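K.L.:
Before I ask anything, let me first share the structure, which is written out below as structure tokens.
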Amino acid sequence: MHAFFNDLGRDVLNLWKPENFSLAKFPQIACAALDKRSPAKHVDLSALMRDFLLSEEHPSQTDSDFGEPELVVYSHPRFYIQLLFWLDGTTEIHQHEFSGAFHVMQGSSIHAHYEFHKAQSITPFLRIGDVRIKDIELLKSGRTVPIFSGQRDIHSLFHLESPSVTVVVRTQHDPGTGPQYNYMPPHIAIDPHFSDQLTLRRKQLLDVLERVEDASYAGLVMEMIADLDFERGFSMLHHSMGYLQQLDQWEPALKAFEKKHGKIAAGVAATLKEDVRRTVIKSWRSTIVEPEHRFFLALLMNAPTRADLLALVAQRFPKEKPFAVVLRWIEELTDVSDEGVTILDCSFPETIEVDDQTKPELLKSAFQHFMKPGKKLPPVLRDLSAVDVKELREAFAESALSLLTV
Ligand SMILES: [Fe+2]
């Protein structure tokens with residue numbers, strides 16, 4: 001076992017045992033132990049990885065797929081210490097059935113806290129309510145953050161460097177604080193650990209019909225939605241959304257669900273729309289590896305307003321103007337290919353007839369204008385018709401950059 005984590009574990013035990021393993025005191029104890037013996041300052045990651053690969057003396061490992069991977073480096077019947085590696089991963093918005101603290105050992109992360117208002121349980125595994133962001137901050141290497149169990153501590157992390165490594169000192173389990181809901185903003189919470197095998201197999205069977213392009217797909221989903229309860233109907237709607245949209249059958253399916261479930265279905269359309277937006281941004285993480293660009297993605301995904309986004313840019317780049325930093329990223333993320341000109345998921349509209357060579361400049365200038373509008377159009381946009389400018393505005397409004405353009 002790695003000596004550093006053995007010492008850290010002993011420190012935690014020596015502080016917690018005299019408190020009779022009080023769950024209420026554990027977050028504070030875990031924070032104090034991590035701050036006193038900071039892993040960011042004292043752990044050589046290469047040596048630790050070598051030790052883990054070559055030594056035979058390690059605590060029992062879990063089969064959790066939360067980290068990429070998760071290593072258990074200290075274990076006691078009442079608590080354990082884990083190392084979480086993050087490559088492309090970002091966490092869902094979630095709460096915990098355990099408590100303790102986490103410490104950023106390598107890399108940095110965008111950390112967002114949320115609240116869940118007007119919670120209403122529809123089944124033991126699904127709730128509806130209002131997911132609202134409480135605060136968002138940049139966590140740099142060396143930072144320690146307490147973890148509280150239950151609904152008081154709902155959060156998400158978006159890791160900027162690859163790999164990022166966090167150390168978690170956590171209880172085994174805090175009784176009575178489950179389920180460990182995942183939150184789909186703005187309105188749904190789901191227990192991700194509940195497994196409904198029949199629903200899983202039904203989704204897989206629908207995938208078979210999709211793969212073979214069976215003409216009965218949309219009709220069958222519609223019949224299922226008309227018959228199923230809210231939780232399983234929502235799960236089916238979520239699963240089928242992409243293909244139903246391709247088939248131009250999404251709106252009737254959504255309407256059928258809303259008609260069947262009435263008032264409690266009011267937040268479903270917005271939740272599924274937001275889920276698609278977040279999934280698209282997450283998918284870019286496998287190709288966008290530059291930490292500054294990942295920082296931008298994290299802000300686009302999590303910042304509630306343009307002002308919050310710019311404030312976080314100013315916090316990370318205090319010597320530069322936040323508008324200028326965003327424009328630099330837009331310049332770097334502008335992609336020109338045979339397919340056209342794009343900035344992330346905003347494409348230059350095909351309906352605007354201009355010379356191909358001017359398109360990148362037009363798209364960037366349009367972004368700059370919509371982000372910080374002056375009274376006059378910039379010179380490069382003045383040759384376009386009002387309809388063309390409207391098209392450009394709509395292209396940004398429908399993209400992940402909509403938060404920044406008005
Ligand atoms: Fe967490």
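In the structure tokens, each chain is lettered A, B, ... as it comes, each chain's residues begin at 1, and ligands are numbered from 1 in order of appearance.
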Env of region 45-58 of chain A: 8 Å cut, atoms = only C-alpha atoms, seq-sep filter 2 positions within chain, self excluded. Answer as a ChimeraX atom specification.
P.N.:
/A:1-2,43,60,72-74
K.L.:
Check every protein, DNA and RNA residue against ligand 1, keep those with an atom at most 8 Å away (counting only C-alpha atoms and all ligand atoms), and present them as a list in words.
P.N.:
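Checked against 8 Å with only C-alpha atoms and all ligand atoms; the hits are Thr91, His94, Gln95, His96, Ile147, Ile154, His155, Ser156 and Leu157 of chain A.
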K.L.:
Could you save the residues just selected, with N, CA, C and O atoms, as a PDB file, in the first residue's frame?
P.N.:
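Produced file result-v2.pdb, reproduced below:
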ATOM      1  N   THR A  91     -18.643  14.614 -14.679  1.00  0.00           N
ATOM      2  CA  THR A  91     -19.668  13.898 -13.922  1.00  0.00           C
ATOM      3  C   THR A  91     -21.051  14.406 -14.305  1.00  0.00           C
ATOM      4  O   THR A  91     -21.215  15.540 -14.748  1.00  0.00           O
ATOM      5  N   HIS A  94     -25.047  15.290  -9.596  1.00  0.00           N
ATOM      6  CA  HIS A  94     -25.416  14.179  -8.715  1.00  0.00           C
ATOM      7  C   HIS A  94     -25.366  14.557  -7.245  1.00  0.00           C
ATOM      8  O   HIS A  94     -24.810  15.588  -6.879  1.00  0.00           O
ATOM      9  N   GLN A  95     -25.932  13.691  -6.406  1.00  0.00           N
ATOM     10  CA  GLN A  95     -25.790  13.807  -4.959  1.00  0.00           C
ATOM     11  C   GLN A  95     -25.224  12.488  -4.443  1.00  0.00           C
ATOM     12  O   GLN A  95     -25.067  11.533  -5.204  1.00  0.00           O
ATOM     13  N   HIS A  96     -24.880  12.445  -3.150  1.00  0.00           N
ATOM     14  CA  HIS A  96     -24.140  11.294  -2.618  1.00  0.00           C
ATOM     15  C   HIS A  96     -24.889  10.583  -1.503  1.00  0.00           C
ATOM     16  O   HIS A  96     -25.609  11.220  -0.732  1.00  0.00           O
ATOM     17  N   ILE A 147     -17.793  16.998   1.158  1.00  0.00           N
ATOM     18  CA  ILE A 147     -18.928  16.304   0.517  1.00  0.00           C
ATOM     19  C   ILE A 147     -19.933  15.979   1.615  1.00  0.00           C
ATOM     20  O   ILE A 147     -19.577  15.348   2.610  1.00  0.00           O
ATOM     21  N   ILE A 154     -25.683  18.921  -4.031  1.00  0.00           N
ATOM     22  CA  ILE A 154     -25.866  18.435  -5.403  1.00  0.00           C
ATOM     23  C   ILE A 154     -24.826  19.158  -6.240  1.00  0.00           C
ATOM     24  O   ILE A 154     -24.752  20.392  -6.224  1.00  0.00           O
ATOM     25  N   HIS A 155     -23.998  18.400  -6.968  1.00  0.00           N
ATOM     26  CA  HIS A 155     -22.927  19.084  -7.703  1.00  0.00           C
ATOM     27  C   HIS A 155     -22.530  18.354  -8.983  1.00  0.00           C
ATOM     28  O   HIS A 155     -22.948  17.227  -9.229  1.00  0.00           O
ATOM     29  N   SER A 156     -21.710  19.041  -9.781  1.00  0.00           N
ATOM     30  CA  SER A 156     -21.115  18.399 -10.961  1.00  0.00           C
ATOM     31  C   SER A 156     -19.702  18.938 -11.141  1.00  0.00           C
ATOM     32  O   SER A 156     -19.391  20.040 -10.695  1.00  0.00           O
ATOM     33  N   LEU A 157     -18.864  18.130 -11.760  1.00  0.00           N
ATOM     34  CA  LEU A 157     -17.478  18.535 -12.024  1.00  0.00           C
ATOM     35  C   LEU A 157     -17.178  18.365 -13.497  1.00  0.00           C
ATOM     36  O   LEU A 157     -17.597  17.384 -14.116  1.00  0.00           O
TER      37      LEU A 157
END
K.L.:
So which residues touch Asp35 (chain A) within 9 Å, counting only C-alpha atoms, skipping near sequence neighbours fewer than 2 positions away, as a list in words?
P.N.:
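Final neighbour list, sorted by chain and number: Ala30, Cys31, Ala32, Ala33, Arg37, Ser38, Pro39, His103, Gly142, Arg143 and Thr144 of chain A.
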K.L.:
Produce a file of the selected residues containing N, CA, C and O atoms, as a tab-separated table (two decimals), in the first residue's frame.
P.N.:
chain	number	residue	atom	x	y	z
A	30	ALA	N	-12.34	15.02	7.28
A	30	ALA	CA	-11.70	14.64	6.00
A	30	ALA	C	-11.00	15.85	5.38
A	30	ALA	O	-9.88	15.75	4.87
A	31	CYS	N	-11.65	17.03	5.44
A	31	CYS	CA	-11.04	18.26	4.90
A	31	CYS	C	-9.76	18.60	5.65
A	31	CYS	O	-8.73	18.91	5.04
A	32	ALA	N	-9.82	18.51	6.99
A	32	ALA	CA	-8.66	18.88	7.80
A	32	ALA	C	-7.49	17.96	7.49
A	32	ALA	O	-6.34	18.42	7.34
A	33	ALA	N	-7.76	16.65	7.36
A	33	ALA	CA	-6.68	15.69	7.10
A	33	ALA	C	-6.07	15.93	5.71
A	33	ALA	O	-4.84	15.90	5.54
A	37	ARG	N	-2.10	17.29	5.01
A	37	ARG	CA	-1.16	16.43	4.29
A	37	ARG	C	-1.59	16.45	2.81
A	37	ARG	O	-2.12	15.48	2.30
A	38	SER	N	-1.39	17.59	2.16
A	38	SER	CA	-1.96	17.81	0.82
A	38	SER	C	-1.41	16.83	-0.23
A	38	SER	O	-0.22	16.86	-0.55
A	39	PRO	N	-2.26	15.98	-0.80
A	39	PRO	CA	-1.78	15.08	-1.87
A	39	PRO	C	-1.20	15.85	-3.06
A	39	PRO	O	-0.23	15.41	-3.67
A	103	HIS	N	-10.28	16.23	-3.01
A	103	HIS	CA	-9.11	17.11	-3.12
A	103	HIS	C	-8.60	17.02	-4.56
A	103	HIS	O	-8.45	15.93	-5.11
A	142	GLY	N	-4.79	21.35	-5.51
A	142	GLY	CA	-4.54	21.64	-4.09
A	142	GLY	C	-5.80	22.00	-3.33
A	142	GLY	O	-5.77	22.05	-2.10
A	143	ARG	N	-6.91	22.22	-4.02
A	143	ARG	CA	-8.16	22.63	-3.35
A	143	ARG	C	-8.88	21.41	-2.75
A	143	ARG	O	-8.94	20.35	-3.37
A	144	THR	N	-9.40	21.57	-1.54
A	144	THR	CA	-10.18	20.52	-0.87
A	144	THR	C	-11.61	21.01	-0.69
A	144	THR	O	-11.82	22.16	-0.30
K.L.:
Between A:Ile110, A:Leu297, A:Ile352, A:Val406, which residue has the minimum interatomic distance to Leu381 (chain A), considering only C-alpha atoms?
P.N.:
A:Ile352
K.L.:
If you run DSSP on the backbone here, which positions in region 152-228 of chain A get helix (DSSP H, G or I)? Please write them as a list of chain:residue names.
P.N.:
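Taking region 152-228 of chain A and keeping helix (DSSP H, G or I) only, one gets A:Gln197, A:Leu198, A:Thr199, A:Leu200, A:Arg201, A:Arg202, A:Lys203, A:Gln204, A:Leu205, A:Leu206, A:Asp207, A:Val208, A:Leu209, A:Glu210, A:Arg211, A:Tyr217, A:Ala218, A:Gly219, A:Leu220, A:Val221, A:Met222, A:Glu223, A:Met224, A:Ile225, A:Ala226, A:Asp227.
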K.L.:
Could you tell me which of A:Ile122, A:Met224, A:Val167, A:Met105 comes closest to Asp44 (chain A) if we count only C-alpha atoms?
P.N.:
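Between A:Ile122, A:Met224, A:Val167, A:Met105, the residue approaching Asp44 (chain A) most closely is A:Met105.
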K.L.:
I need the residues of region 54-240 of chain A that end up classed as strand (DSSP E or B) by DSSP on the backbone, written out as an mmCIF file with N, CA and C atoms, in the first residue's frame.
P.N.:
data_model
loop_
_atom_site.group_PDB
_atom_site.id
_atom_site.type_symbol
_atom_site.label_atom_id
_atom_site.label_comp_id
_atom_site.auth_asym_id
_atom_site.auth_seq_id
_atom_site.Cartn_x
_atom_site.Cartn_y
_atom_site.Cartn_z
ATOM 1 N N GLU A 70 -11.076 4.218 -11.073
ATOM 2 C CA GLU A 70 -11.066 4.515 -9.635
ATOM 3 C C GLU A 70 -10.110 3.525 -8.970
ATOM 4 N N LEU A 71 -9.151 4.020 -8.184
ATOM 5 C CA LEU A 71 -8.247 3.149 -7.428
ATOM 6 C C LEU A 71 -8.528 3.345 -5.944
ATOM 7 N N VAL A 72 -8.667 2.248 -5.201
ATOM 8 C CA VAL A 72 -8.797 2.371 -3.741
ATOM 9 C C VAL A 72 -7.384 2.273 -3.166
ATOM 10 N N VAL A 73 -6.975 3.297 -2.401
ATOM 11 C CA VAL A 73 -5.601 3.322 -1.898
ATOM 12 C C VAL A 73 -5.533 3.169 -0.375
ATOM 13 N N TYR A 74 -6.664 3.167 0.290
ATOM 14 C CA TYR A 74 -6.708 2.924 1.736
ATOM 15 C C TYR A 74 -8.123 2.464 2.065
ATOM 16 N N SER A 75 -8.228 1.488 2.945
ATOM 17 C CA SER A 75 -9.573 1.022 3.285
ATOM 18 C C SER A 75 -9.678 0.663 4.762
ATOM 19 N N PHE A 79 -14.473 3.803 6.485
ATOM 20 C CA PHE A 79 -14.215 4.798 5.420
ATOM 21 C C PHE A 79 -13.116 4.284 4.494
ATOM 22 N N TYR A 80 -12.995 4.912 3.341
ATOM 23 C CA TYR A 80 -11.878 4.564 2.467
ATOM 24 C C TYR A 80 -11.414 5.773 1.678
ATOM 25 N N ILE A 81 -10.239 5.617 1.080
ATOM 26 C CA ILE A 81 -9.665 6.701 0.269
ATOM 27 C C ILE A 81 -9.521 6.183 -1.160
ATOM 28 N N GLN A 82 -10.047 6.949 -2.091
ATOM 29 C CA GLN A 82 -9.963 6.526 -3.492
ATOM 30 C C GLN A 82 -9.306 7.634 -4.322
ATOM 31 N N LEU A 83 -8.690 7.206 -5.390
ATOM 32 C CA LEU A 83 -8.121 8.136 -6.363
ATOM 33 C C LEU A 83 -8.977 8.025 -7.618
ATOM 34 N N LEU A 84 -9.473 9.149 -8.104
ATOM 35 C CA LEU A 84 -10.276 9.106 -9.330
ATOM 36 C C LEU A 84 -9.498 9.775 -10.453
ATOM 37 N N PHE A 85 -9.210 9.024 -11.499
ATOM 38 C CA PHE A 85 -8.586 9.590 -12.702
ATOM 39 C C PHE A 85 -9.705 10.048 -13.630
ATOM 40 N N TRP A 86 -9.461 11.154 -14.355
ATOM 41 C CA TRP A 86 -10.451 11.632 -15.326
ATOM 42 C C TRP A 86 -9.738 11.921 -16.638
ATOM 43 N N THR A 90 -16.697 13.815 -17.488
ATOM 44 C CA THR A 90 -17.249 14.871 -16.657
ATOM 45 C C THR A 90 -18.357 14.180 -15.891
ATOM 46 N N ILE A 93 -24.733 15.681 -12.958
ATOM 47 C CA ILE A 93 -25.103 16.443 -11.768
ATOM 48 C C ILE A 93 -25.664 15.413 -10.783
ATOM 49 N N HIS A 94 -25.047 15.290 -9.596
ATOM 50 C CA HIS A 94 -25.416 14.179 -8.715
ATOM 51 C C HIS A 94 -25.366 14.557 -7.245
ATOM 52 N N GLN A 95 -25.932 13.691 -6.406
ATOM 53 C CA GLN A 95 -25.790 13.807 -4.959
ATOM 54 C C GLN A 95 -25.224 12.488 -4.443
ATOM 55 N N HIS A 96 -24.880 12.445 -3.150
ATOM 56 C CA HIS A 96 -24.140 11.294 -2.618
ATOM 57 C C HIS A 96 -24.889 10.583 -1.503
ATOM 58 N N GLY A 100 -17.728 13.112 3.197
ATOM 59 C CA GLY A 100 -16.278 13.182 3.315
ATOM 60 C C GLY A 100 -15.754 14.442 2.660
ATOM 61 N N ALA A 101 -14.735 14.270 1.812
ATOM 62 C CA ALA A 101 -14.164 15.430 1.114
ATOM 63 C C ALA A 101 -13.416 14.952 -0.118
ATOM 64 N N PHE A 102 -13.324 15.847 -1.128
ATOM 65 C CA PHE A 102 -12.447 15.532 -2.264
ATOM 66 C C PHE A 102 -11.396 16.630 -2.411
ATOM 67 N N HIS A 103 -10.277 16.229 -3.013
ATOM 68 C CA HIS A 103 -9.113 17.111 -3.122
ATOM 69 C C HIS A 103 -8.601 17.022 -4.562
ATOM 70 N N VAL A 104 -8.374 18.180 -5.181
ATOM 71 C CA VAL A 104 -7.857 18.179 -6.558
ATOM 72 C C VAL A 104 -6.348 17.943 -6.485
ATOM 73 N N MET A 105 -5.919 16.728 -6.859
ATOM 74 C CA MET A 105 -4.494 16.385 -6.749
ATOM 75 C C MET A 105 -3.722 16.807 -7.991
ATOM 76 N N GLN A 106 -4.341 16.651 -9.147
ATOM 77 C CA GLN A 106 -3.691 17.074 -10.397
ATOM 78 C C GLN A 106 -4.754 17.607 -11.345
ATOM 79 N N SER A 109 -10.642 21.920 -12.260
ATOM 80 C CA SER A 109 -12.021 21.572 -12.650
ATOM 81 C C SER A 109 -12.951 22.754 -12.479
ATOM 82 N N ILE A 110 -14.018 22.736 -13.265
ATOM 83 C CA ILE A 110 -15.133 23.648 -13.026
ATOM 84 C C ILE A 110 -16.112 22.898 -12.134
ATOM 85 N N HIS A 111 -16.472 23.514 -11.032
ATOM 86 C CA HIS A 111 -17.319 22.858 -10.034
ATOM 87 C C HIS A 111 -18.601 23.671 -9.884
ATOM 88 N N ALA A 112 -19.735 23.022 -10.082
ATOM 89 C CA ALA A 112 -21.016 23.730 -9.979
ATOM 90 C C ALA A 112 -21.880 23.072 -8.905
ATOM 91 N N HIS A 113 -22.528 23.896 -8.082
ATOM 92 C CA HIS A 113 -23.465 23.418 -7.061
ATOM 93 C C HIS A 113 -24.894 23.741 -7.488
ATOM 94 N N TYR A 114 -25.806 22.851 -7.165
ATOM 95 C CA TYR A 114 -27.203 23.041 -7.557
ATOM 96 C C TYR A 114 -28.126 22.846 -6.355
ATOM 97 N N GLU A 115 -29.363 23.298 -6.531
ATOM 98 C CA GLU A 115 -30.429 23.019 -5.558
ATOM 99 C C GLU A 115 -31.600 22.399 -6.316
ATOM 100 N N PHE A 116 -32.400 21.618 -5.596
ATOM 101 C CA PHE A 116 -33.581 21.012 -6.233
ATOM 102 C C PHE A 116 -34.809 21.484 -5.471
ATOM 103 N N HIS A 117 -35.599 22.339 -6.106
ATOM 104 C CA HIS A 117 -36.768 22.927 -5.454
ATOM 105 C C HIS A 117 -38.048 22.197 -5.863
ATOM 106 N N LYS A 118 -39.048 22.317 -5.045
ATOM 107 C CA LYS A 118 -40.393 21.775 -5.304
ATOM 108 C C LYS A 118 -40.338 20.296 -5.695
ATOM 109 N N ALA A 119 -39.494 19.527 -4.971
ATOM 110 C CA ALA A 119 -39.326 18.108 -5.319
ATOM 111 C C ALA A 119 -40.622 17.329 -5.095
ATOM 112 N N GLN A 120 -40.954 16.508 -6.070
ATOM 113 C CA GLN A 120 -42.150 15.663 -5.972
ATOM 114 C C GLN A 120 -41.775 14.271 -6.473
ATOM 115 N N SER A 121 -41.919 13.260 -5.600
ATOM 116 C CA SER A 121 -41.585 11.890 -5.999
ATOM 117 C C SER A 121 -42.708 11.321 -6.856
ATOM 118 N N ILE A 122 -42.362 10.897 -8.051
ATOM 119 C CA ILE A 122 -43.355 10.261 -8.921
ATOM 120 C C ILE A 122 -43.317 8.751 -8.697
ATOM 121 N N THR A 123 -42.112 8.188 -8.558
ATOM 122 C CA THR A 123 -41.906 6.797 -8.145
ATOM 123 C C THR A 123 -40.727 6.845 -7.156
ATOM 124 N N LEU A 126 -37.742 8.200 -9.345
ATOM 125 C CA LEU A 126 -37.802 9.394 -10.204
ATOM 126 C C LEU A 126 -38.546 10.515 -9.486
ATOM 127 N N ARG A 127 -37.956 11.700 -9.539
ATOM 128 C CA ARG A 127 -38.604 12.877 -8.952
ATOM 129 C C ARG A 127 -38.683 13.979 -9.993
ATOM 130 N N ILE A 128 -39.680 14.836 -9.845
ATOM 131 C CA ILE A 128 -39.710 16.050 -10.662
ATOM 132 C C ILE A 128 -39.558 17.253 -9.726
ATOM 133 N N GLY A 129 -39.106 18.374 -10.273
ATOM 134 C CA GLY A 129 -38.880 19.574 -9.473
ATOM 135 C C GLY A 129 -38.127 20.590 -10.320
ATOM 136 N N ASP A 130 -37.480 21.551 -9.654
ATOM 137 C CA ASP A 130 -36.717 22.573 -10.382
ATOM 138 C C ASP A 130 -35.242 22.486 -9.994
ATOM 139 N N VAL A 131 -34.387 22.115 -10.944
ATOM 140 C CA VAL A 131 -32.939 22.092 -10.707
ATOM 141 C C VAL A 131 -32.423 23.510 -10.958
ATOM 142 N N ARG A 132 -31.842 24.126 -9.925
ATOM 143 C CA ARG A 132 -31.330 25.493 -10.106
ATOM 144 C C ARG A 132 -29.872 25.560 -9.709
ATOM 145 N N ILE A 133 -29.065 26.248 -10.495
ATOM 146 C CA ILE A 133 -27.650 26.370 -10.157
ATOM 147 C C ILE A 133 -27.495 27.360 -9.005
ATOM 148 N N LYS A 134 -26.632 27.016 -8.034
ATOM 149 C CA LYS A 134 -26.430 27.847 -6.849
ATOM 150 C C LYS A 134 -25.140 28.646 -7.010
ATOM 151 N N ASP A 135 -24.050 27.967 -7.350
ATOM 152 C CA ASP A 135 -22.791 28.668 -7.610
ATOM 153 C C ASP A 135 -21.915 27.831 -8.519
ATOM 154 N N ILE A 136 -20.959 28.495 -9.110
ATOM 155 C CA ILE A 136 -20.033 27.822 -10.029
ATOM 156 C C ILE A 136 -18.656 28.421 -9.784
ATOM 157 N N GLU A 137 -17.636 27.545 -9.696
ATOM 158 C CA GLU A 137 -16.293 28.050 -9.362
ATOM 159 C C GLU A 137 -15.233 27.214 -10.061
ATOM 160 N N LEU A 138 -14.039 27.797 -10.129
ATOM 161 C CA LEU A 138 -12.890 27.096 -10.703
ATOM 162 C C LEU A 138 -12.093 26.499 -9.549
ATOM 163 N N LEU A 139 -11.871 25.177 -9.574
ATOM 164 C CA LEU A 139 -11.067 24.530 -8.536
ATOM 165 C C LEU A 139 -9.686 24.258 -9.088
ATOM 166 N N THR A 144 -9.398 21.573 -1.541
ATOM 167 C CA THR A 144 -10.180 20.519 -0.875
ATOM 168 C C THR A 144 -11.613 21.013 -0.689
ATOM 169 N N VAL A 145 -12.580 20.144 -0.965
ATOM 170 C CA VAL A 145 -14.001 20.528 -0.895
ATOM 171 C C VAL A 145 -14.759 19.468 -0.087
ATOM 172 N N PRO A 146 -15.580 19.876 0.912
ATOM 173 C CA PRO A 146 -16.337 18.869 1.667
ATOM 174 C C PRO A 146 -17.445 18.237 0.823
ATOM 175 N N ILE A 147 -17.793 16.998 1.158
ATOM 176 C CA ILE A 147 -18.928 16.304 0.517
ATOM 177 C C ILE A 147 -19.933 15.979 1.615
ATOM 178 N N GLY A 150 -26.807 13.315 0.781
ATOM 179 C CA GLY A 150 -28.192 13.746 0.602
ATOM 180 C C GLY A 150 -28.341 14.964 -0.278
ATOM 181 N N GLN A 151 -29.555 15.533 -0.210
ATOM 182 C CA GLN A 151 -29.932 16.579 -1.172
ATOM 183 C C GLN A 151 -29.283 17.942 -0.916
ATOM 184 N N ARG A 152 -28.616 18.115 0.232
ATOM 185 C CA ARG A 152 -28.020 19.437 0.508
ATOM 186 C C ARG A 152 -26.783 19.691 -0.341
ATOM 187 N N ASP A 153 -26.229 18.658 -0.946
ATOM 188 C CA ASP A 153 -24.984 18.823 -1.705
ATOM 189 C C ASP A 153 -25.131 18.164 -3.083
ATOM 190 N N ILE A 154 -25.683 18.921 -4.031
ATOM 191 C CA ILE A 154 -25.866 18.435 -5.403
ATOM 192 C C ILE A 154 -24.826 19.158 -6.240
ATOM 193 N N HIS A 155 -23.998 18.400 -6.968
ATOM 194 C CA HIS A 155 -22.927 19.084 -7.703
ATOM 195 C C HIS A 155 -22.530 18.354 -8.983
ATOM 196 N N SER A 156 -21.710 19.041 -9.781
ATOM 197 C CA SER A 156 -21.115 18.399 -10.961
ATOM 198 C C SER A 156 -19.702 18.938 -11.141
ATOM 199 N N LEU A 157 -18.864 18.130 -11.760
ATOM 200 C CA LEU A 157 -17.478 18.535 -12.024
ATOM 201 C C LEU A 157 -17.178 18.365 -13.497
ATOM 202 N N PHE A 158 -16.462 19.327 -14.040
ATOM 203 C CA PHE A 158 -16.023 19.252 -15.433
ATOM 204 C C PHE A 158 -14.505 19.422 -15.377
ATOM 205 N N HIS A 159 -13.782 18.332 -15.683
ATOM 206 C CA HIS A 159 -12.329 18.343 -15.498
ATOM 207 C C HIS A 159 -11.645 18.932 -16.722
ATOM 208 N N SER A 164 -6.940 14.464 -15.137
ATOM 209 C CA SER A 164 -7.093 15.138 -13.854
ATOM 210 C C SER A 164 -7.233 14.029 -12.822
ATOM 211 N N VAL A 165 -6.741 14.293 -11.606
ATOM 212 C CA VAL A 165 -6.834 13.264 -10.563
ATOM 213 C C VAL A 165 -7.393 13.898 -9.297
ATOM 214 N N THR A 166 -8.434 13.286 -8.745
ATOM 215 C CA THR A 166 -8.965 13.751 -7.459
ATOM 216 C C THR A 166 -8.822 12.643 -6.423
ATOM 217 N N VAL A 167 -8.589 13.049 -5.174
ATOM 218 C CA VAL A 167 -8.514 12.114 -4.054
ATOM 219 C C VAL A 167 -9.803 12.287 -3.257
ATOM 220 N N VAL A 168 -10.481 11.197 -2.971
ATOM 221 C CA VAL A 168 -11.722 11.278 -2.199
ATOM 222 C C VAL A 168 -11.556 10.493 -0.899
ATOM 223 N N VAL A 169 -11.788 11.156 0.232
ATOM 224 C CA VAL A 169 -11.830 10.495 1.532
ATOM 225 C C VAL A 169 -13.304 10.404 1.880
ATOM 226 N N ARG A 170 -13.834 9.200 1.959
ATOM 227 C CA ARG A 170 -15.292 9.074 2.053
ATOM 228 C C ARG A 170 -15.736 7.954 2.986
ATOM 229 N N THR A 171 -16.927 8.116 3.547
ATOM 230 C CA THR A 171 -17.514 7.041 4.347
ATOM 231 C C THR A 171 -17.889 5.898 3.411
ATOM 232 N N ASN A 182 -29.217 11.287 -9.827
ATOM 233 C CA ASN A 182 -28.616 12.123 -10.866
ATOM 234 C C ASN A 182 -29.680 13.125 -11.291
ATOM 235 N N TYR A 183 -29.262 14.329 -11.615
ATOM 236 C CA TYR A 183 -30.220 15.380 -11.980
ATOM 237 C C TYR A 183 -30.097 15.728 -13.457
ATOM 238 N N MET A 184 -31.255 15.809 -14.098
ATOM 239 C CA MET A 184 -31.299 16.254 -15.499
ATOM 240 C C MET A 184 -31.981 17.621 -15.482
ATOM 241 N N ILE A 188 -35.807 17.059 -13.833
ATOM 242 C CA ILE A 188 -35.961 15.631 -13.479
ATOM 243 C C ILE A 188 -34.778 15.139 -12.645
ATOM 244 N N ALA A 189 -35.068 14.261 -11.664
ATOM 245 C CA ALA A 189 -34.029 13.555 -10.912
ATOM 246 C C ALA A 189 -34.308 12.061 -11.028
ATOM 247 N N ILE A 190 -33.239 11.269 -11.296
ATOM 248 C CA ILE A 190 -33.404 9.828 -11.493
ATOM 249 C C ILE A 190 -32.379 9.076 -10.662
#
K.L.:
Using only C-alpha atoms, which residue out of A:Ala386, A:Ile288, A:Ala218, A:Val276 lies closest to Asp248 (chain A)?
P.N.:
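For Asp248 (chain A), the nearest of the given residues is A:Ala218.
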K.L.:
Enter the distance from CA of Arg294 (chain A) to CA of Leu333 (chain A), in Å, rounded to one decimal.
P.N.:
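Straight-line distance from CA of Arg294 (chain A) to CA of Leu333 (chain A) works out to 11.3 Å.
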K.L.:
Could you give me, as a list in words, the residues within 8 Å of Phe234 (chain A), counting only C-alpha atoms and dropping anything in the same chain fewer than 4 positions from it?
P.N.:
Phe230, His238, Phe257 and Val268 of chain A
K.L.:
Residues as selected, N, CA, C and O atoms, written as a PDB file, in the first residue's frame, can you do that?
P.N.:
ATOM      1  N   PHE A 230     -45.310   6.957 -15.911  1.00  0.00           N
ATOM      2  CA  PHE A 230     -44.455   8.126 -16.176  1.00  0.00           C
ATOM      3  C   PHE A 230     -42.971   7.744 -16.253  1.00  0.00           C
ATOM      4  O   PHE A 230     -42.281   8.100 -17.206  1.00  0.00           O
ATOM      5  N   HIS A 238     -36.799   9.245 -23.732  1.00  0.00           N
ATOM      6  CA  HIS A 238     -35.400   9.687 -23.688  1.00  0.00           C
ATOM      7  C   HIS A 238     -34.566   8.829 -24.641  1.00  0.00           C
ATOM      8  O   HIS A 238     -33.777   9.326 -25.439  1.00  0.00           O
ATOM      9  N   PHE A 257     -47.044  11.706 -24.779  1.00  0.00           N
ATOM     10  CA  PHE A 257     -46.591  11.575 -23.385  1.00  0.00           C
ATOM     11  C   PHE A 257     -47.216  12.673 -22.524  1.00  0.00           C
ATOM     12  O   PHE A 257     -47.720  12.427 -21.427  1.00  0.00           O
ATOM     13  N   VAL A 268     -40.903  17.966 -19.051  1.00  0.00           N
ATOM     14  CA  VAL A 268     -40.184  16.904 -19.762  1.00  0.00           C
ATOM     15  C   VAL A 268     -39.536  17.405 -21.067  1.00  0.00           C
ATOM     16  O   VAL A 268     -38.378  17.098 -21.351  1.00  0.00           O
TER      17      VAL A 268
END
K.L.:
Pick from A:Gly9, A:Pro304, A:Pro252, A:Pro179: nearest to Phe125 (chain A), with only C-alpha atoms counted?
P.N.:
A:Pro179
K.L.:
Can you pull out the residues contacting Glu210 (chain A)? Cut-off 10 Å, using only C-alpha atoms, and skip same-chain residues under 5 positions away; I want them as number ranges by chain.
P.N.:
A: 204-205, 215-218, 240, 243-244
K.L.:
Within 7 Å of Pro291 (chain A), counting only C-alpha atoms, which residues show up once you throw out same-chain ones fewer than 4 positions away? Write them as a PyMOL selection string, please.
P.N.:
chain A and resi 160-161+295
